[in-house]
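Structure first, then comments.
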Amino acid sequence: NDNGIPDGCDIDSASPGDYAFYDCNFNRVPDGCEFGDCNANSLLDTCEGASGRLYVRQGPHSLHDGASWGSAYVSVVDALCVAAAQPERHFEIWVAAGNYLPSIAGSADRGQSFGLLSNVELLGGFAGNETSRVQRNVLANPTVLGGDFAGDDPEVSEIVDPRGGYRADNAYHIVFAGNVGPTAILDGFVILGGNADGGGKGEDGFGGGLLVRGA
């Protein structure tokens with residue numbers, strides 16, 4: 001239609017039903033064609049989490065917008081990045097039982113961690129069908145934030161040398177609390193598999209489970 005916008009990113013060039021994208025801010029540019037989509041789900045981060053609650057649950061879903069258990073994110077990192085894009089708002093992130101890594105797009109960078117945020121309550125222990133946070137059962141629904149990228153750590157019940165080479169790939173820190181206030185909440189999780197073996201005087205030499213800086 002000669003309006004200077006590539007047809008694939010131009011709502012005006014498409015007929016209703018011909019395109020599969022969203023325009024949550026009604027600026028007639030598909031959200032997937034705009035900047036600010038940290039979790040690559042073709043939705044603008046600032047248009048997600050309208051209810052103030054984001055859901056995370058592993059398993060197949062047809063949509064990953066974090067708005068319900070049925071359309072939950074499969075990664076805790078996806079929910080955290082949406083909350084980080086809206087620092088003026090308060091969020092609850094409900095996470096169902098499972099094992100979660102702080103990886104982005106399949107990366108195994110040992111420097112990655114789950115970063116706590118002010119005004120964000122990160123809550124584990126859900127089964128994945130609750131409608132109220134008081135319904136969760138953290139003992140029945142173990143929710144693990146881990147750092148074993150290779151998936152080769154032995155079971156917790158095994159008596160092993162913690163210096164074993166199987167931890168060489170693990171994240172230096174599982175959770176990072178940097179310059180956050182008392183509104184940054186972490187509750188209902190098992191923290192497992194950190195390996196702060198960086199040595200020297202750097203931060204990678206301590207805080208395998210939780211590294212706190214300026215909080």
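Chain labels A, B, ... are given in the sequence in which chains occur in the structure tokens; within each chain residues are numbered consecutively from 1, and ligands are likewise numbered from 1 in the order shown.
Residues surrounding Trp94 of chain A within 8 Å are Arg53, Leu54, Tyr55, Val56, Leu122, Leu123, Gly124 and Phe126 of chain A [only C-alpha atoms; sequence separation below 6 positions excluded].
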Can you write out the residues you just picked, keeping all heavy atoms, as a PDB file, in the first residue's frame?
ATOM      1  N   ARG A  53      -0.337  -9.958  38.035  1.00  0.00           N
ATOM      2  CA  ARG A  53       0.081 -11.318  38.368  1.00  0.00           C
ATOM      3  C   ARG A  53       0.568 -12.003  37.106  1.00  0.00           C
ATOM      4  O   ARG A  53      -0.068 -11.911  36.049  1.00  0.00           O
ATOM      5  CB  ARG A  53      -1.070 -12.109  38.988  1.00  0.00           C
ATOM      6  CG  ARG A  53      -0.713 -13.525  39.417  1.00  0.00           C
ATOM      7  CD  ARG A  53      -1.932 -14.255  39.944  1.00  0.00           C
ATOM      8  NE  ARG A  53      -2.495 -13.557  41.092  1.00  0.00           N
ATOM      9  CZ  ARG A  53      -3.744 -13.736  41.520  1.00  0.00           C
ATOM     10  NH1 ARG A  53      -4.551 -14.563  40.882  1.00  0.00           N
ATOM     11  NH2 ARG A  53      -4.173 -13.075  42.578  1.00  0.00           N
ATOM     12  N   LEU A  54       1.703 -12.700  37.202  1.00  0.00           N
ATOM     13  CA  LEU A  54       2.260 -13.445  36.086  1.00  0.00           C
ATOM     14  C   LEU A  54       2.405 -14.904  36.496  1.00  0.00           C
ATOM     15  O   LEU A  54       2.821 -15.194  37.622  1.00  0.00           O
ATOM     16  CB  LEU A  54       3.630 -12.876  35.688  1.00  0.00           C
ATOM     17  CG  LEU A  54       3.650 -11.417  35.227  1.00  0.00           C
ATOM     18  CD1 LEU A  54       5.089 -10.915  35.133  1.00  0.00           C
ATOM     19  CD2 LEU A  54       2.939 -11.253  33.891  1.00  0.00           C
ATOM     20  N   TYR A  55       2.065 -15.811  35.586  1.00  0.00           N
ATOM     21  CA  TYR A  55       2.083 -17.239  35.881  1.00  0.00           C
ATOM     22  C   TYR A  55       3.212 -17.937  35.135  1.00  0.00           C
ATOM     23  O   TYR A  55       3.485 -17.618  33.977  1.00  0.00           O
ATOM     24  CB  TYR A  55       0.754 -17.888  35.472  1.00  0.00           C
ATOM     25  CG  TYR A  55      -0.454 -17.392  36.231  1.00  0.00           C
ATOM     26  CD1 TYR A  55      -1.109 -16.224  35.857  1.00  0.00           C
ATOM     27  CD2 TYR A  55      -0.953 -18.116  37.318  1.00  0.00           C
ATOM     28  CE1 TYR A  55      -2.233 -15.779  36.545  1.00  0.00           C
ATOM     29  CE2 TYR A  55      -2.079 -17.686  38.008  1.00  0.00           C
ATOM     30  CZ  TYR A  55      -2.713 -16.511  37.618  1.00  0.00           C
ATOM     31  OH  TYR A  55      -3.824 -16.073  38.299  1.00  0.00           O
ATOM     32  N   VAL A  56       3.837 -18.904  35.809  1.00  0.00           N
ATOM     33  CA  VAL A  56       4.905 -19.712  35.208  1.00  0.00           C
ATOM     34  C   VAL A  56       4.595 -21.176  35.488  1.00  0.00           C
ATOM     35  O   VAL A  56       4.403 -21.573  36.640  1.00  0.00           O
ATOM     36  CB  VAL A  56       6.292 -19.360  35.776  1.00  0.00           C
ATOM     37  CG1 VAL A  56       7.370 -20.212  35.110  1.00  0.00           C
ATOM     38  CG2 VAL A  56       6.592 -17.875  35.607  1.00  0.00           C
ATOM     39  N   LEU A 122       8.198 -13.097  44.114  1.00  0.00           N
ATOM     40  CA  LEU A 122       8.438 -14.329  43.374  1.00  0.00           C
ATOM     41  C   LEU A 122       8.056 -15.492  44.285  1.00  0.00           C
ATOM     42  O   LEU A 122       8.723 -15.752  45.289  1.00  0.00           O
ATOM     43  CB  LEU A 122       9.910 -14.407  42.964  1.00  0.00           C
ATOM     44  CG  LEU A 122      10.331 -15.549  42.039  1.00  0.00           C
ATOM     45  CD1 LEU A 122       9.538 -15.542  40.745  1.00  0.00           C
ATOM     46  CD2 LEU A 122      11.828 -15.472  41.760  1.00  0.00           C
ATOM     47  N   LEU A 123       6.973 -16.185  43.938  1.00  0.00           N
ATOM     48  CA  LEU A 123       6.365 -17.165  44.831  1.00  0.00           C
ATOM     49  C   LEU A 123       6.328 -18.541  44.180  1.00  0.00           C
ATOM     50  O   LEU A 123       5.774 -18.715  43.086  1.00  0.00           O
ATOM     51  CB  LEU A 123       4.931 -16.736  45.180  1.00  0.00           C
ATOM     52  CG  LEU A 123       4.768 -15.308  45.731  1.00  0.00           C
ATOM     53  CD1 LEU A 123       3.298 -14.947  45.855  1.00  0.00           C
ATOM     54  CD2 LEU A 123       5.471 -15.184  47.082  1.00  0.00           C
ATOM     55  N   GLY A 124       6.896 -19.542  44.840  1.00  0.00           N
ATOM     56  CA  GLY A 124       6.866 -20.916  44.354  1.00  0.00           C
ATOM     57  C   GLY A 124       5.905 -21.755  45.178  1.00  0.00           C
ATOM     58  O   GLY A 124       5.253 -21.276  46.099  1.00  0.00           O
ATOM     59  N   PHE A 126       3.318 -23.771  43.878  1.00  0.00           N
ATOM     60  CA  PHE A 126       1.976 -23.929  43.326  1.00  0.00           C
ATOM     61  C   PHE A 126       1.869 -25.234  42.538  1.00  0.00           C
ATOM     62  O   PHE A 126       2.850 -25.715  41.965  1.00  0.00           O
ATOM     63  CB  PHE A 126       1.634 -22.758  42.398  1.00  0.00           C
ATOM     64  CG  PHE A 126       1.461 -21.447  43.098  1.00  0.00           C
ATOM     65  CD1 PHE A 126       2.546 -20.583  43.262  1.00  0.00           C
ATOM     66  CD2 PHE A 126       0.229 -21.065  43.589  1.00  0.00           C
ATOM     67  CE1 PHE A 126       2.394 -19.357  43.901  1.00  0.00           C
ATOM     68  CE2 PHE A 126       0.059 -19.842  44.227  1.00  0.00           C
ATOM     69  CZ  PHE A 126       1.147 -18.979  44.394  1.00  0.00           C
TER      70      PHE A 126
END
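You can rank A:Pro142, A:Gly52, A:Gly181, A:Gly151 by their closest distance to Ala97 of chain A using only C-alpha atoms, and at the top of that list sits A:Pro142.
Of note, atom CA of Asp78 of chain A and atom CA of Phe91 of chain A are spaced 13.4 Å apart.
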(message) Give me, as a PyMOL selection string, all polymer residues having an atom no more than 12 Å from Gly59 of chain A, counting only C-alpha atoms and skipping those fewer than 4 positions away in the same chain.
(response) chain A and resi 63-64+69-75+96-99+128
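Distances here use only C-alpha atoms; by that measure, the residue among A:Gly66, A:Pro182, A:Gly193, A:Gly147 closest to Val120 of chain A is A:Pro182.
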Residue contacts of Val212 of chain A (12 Å, only C-alpha atoms) excluding same-chain residues fewer than 2 positions away, as a CSV table (one decimal) with C-alpha atoms, in the first residue's frame:
chain,number,residue,atom,x,y,z
A,113,SER,CA,21.0,-16.0,37.8
A,114,PHE,CA,17.5,-15.2,38.9
A,115,GLY,CA,17.5,-11.5,39.7
A,116,LEU,CA,15.2,-10.3,42.4
A,173,HIS,CA,24.9,-17.9,41.7
A,174,ILE,CA,21.3,-19.1,41.7
A,175,VAL,CA,19.6,-15.9,43.0
A,176,PHE,CA,21.0,-12.4,42.8
A,177,ALA,CA,19.6,-9.5,45.0
A,178,GLY,CA,21.3,-6.4,43.8
A,179,ASN,CA,20.2,-2.9,45.0
A,180,VAL,CA,16.7,-4.0,45.8
A,181,GLY,CA,14.5,-3.1,48.8
A,184,ALA,CA,11.7,-7.8,46.7
A,203,GLU,CA,31.9,-12.0,43.5
A,204,ASP,CA,31.9,-15.3,41.6
A,206,PHE,CA,31.0,-16.7,47.0
A,207,GLY,CA,27.2,-16.6,47.2
A,208,GLY,CA,26.4,-19.9,45.3
A,209,GLY,CA,22.8,-20.0,46.5
A,210,LEU,CA,22.2,-16.3,46.9
A,214,GLY,CA,23.5,-3.4,48.2
A,215,ALA,CA,20.2,-4.8,49.4
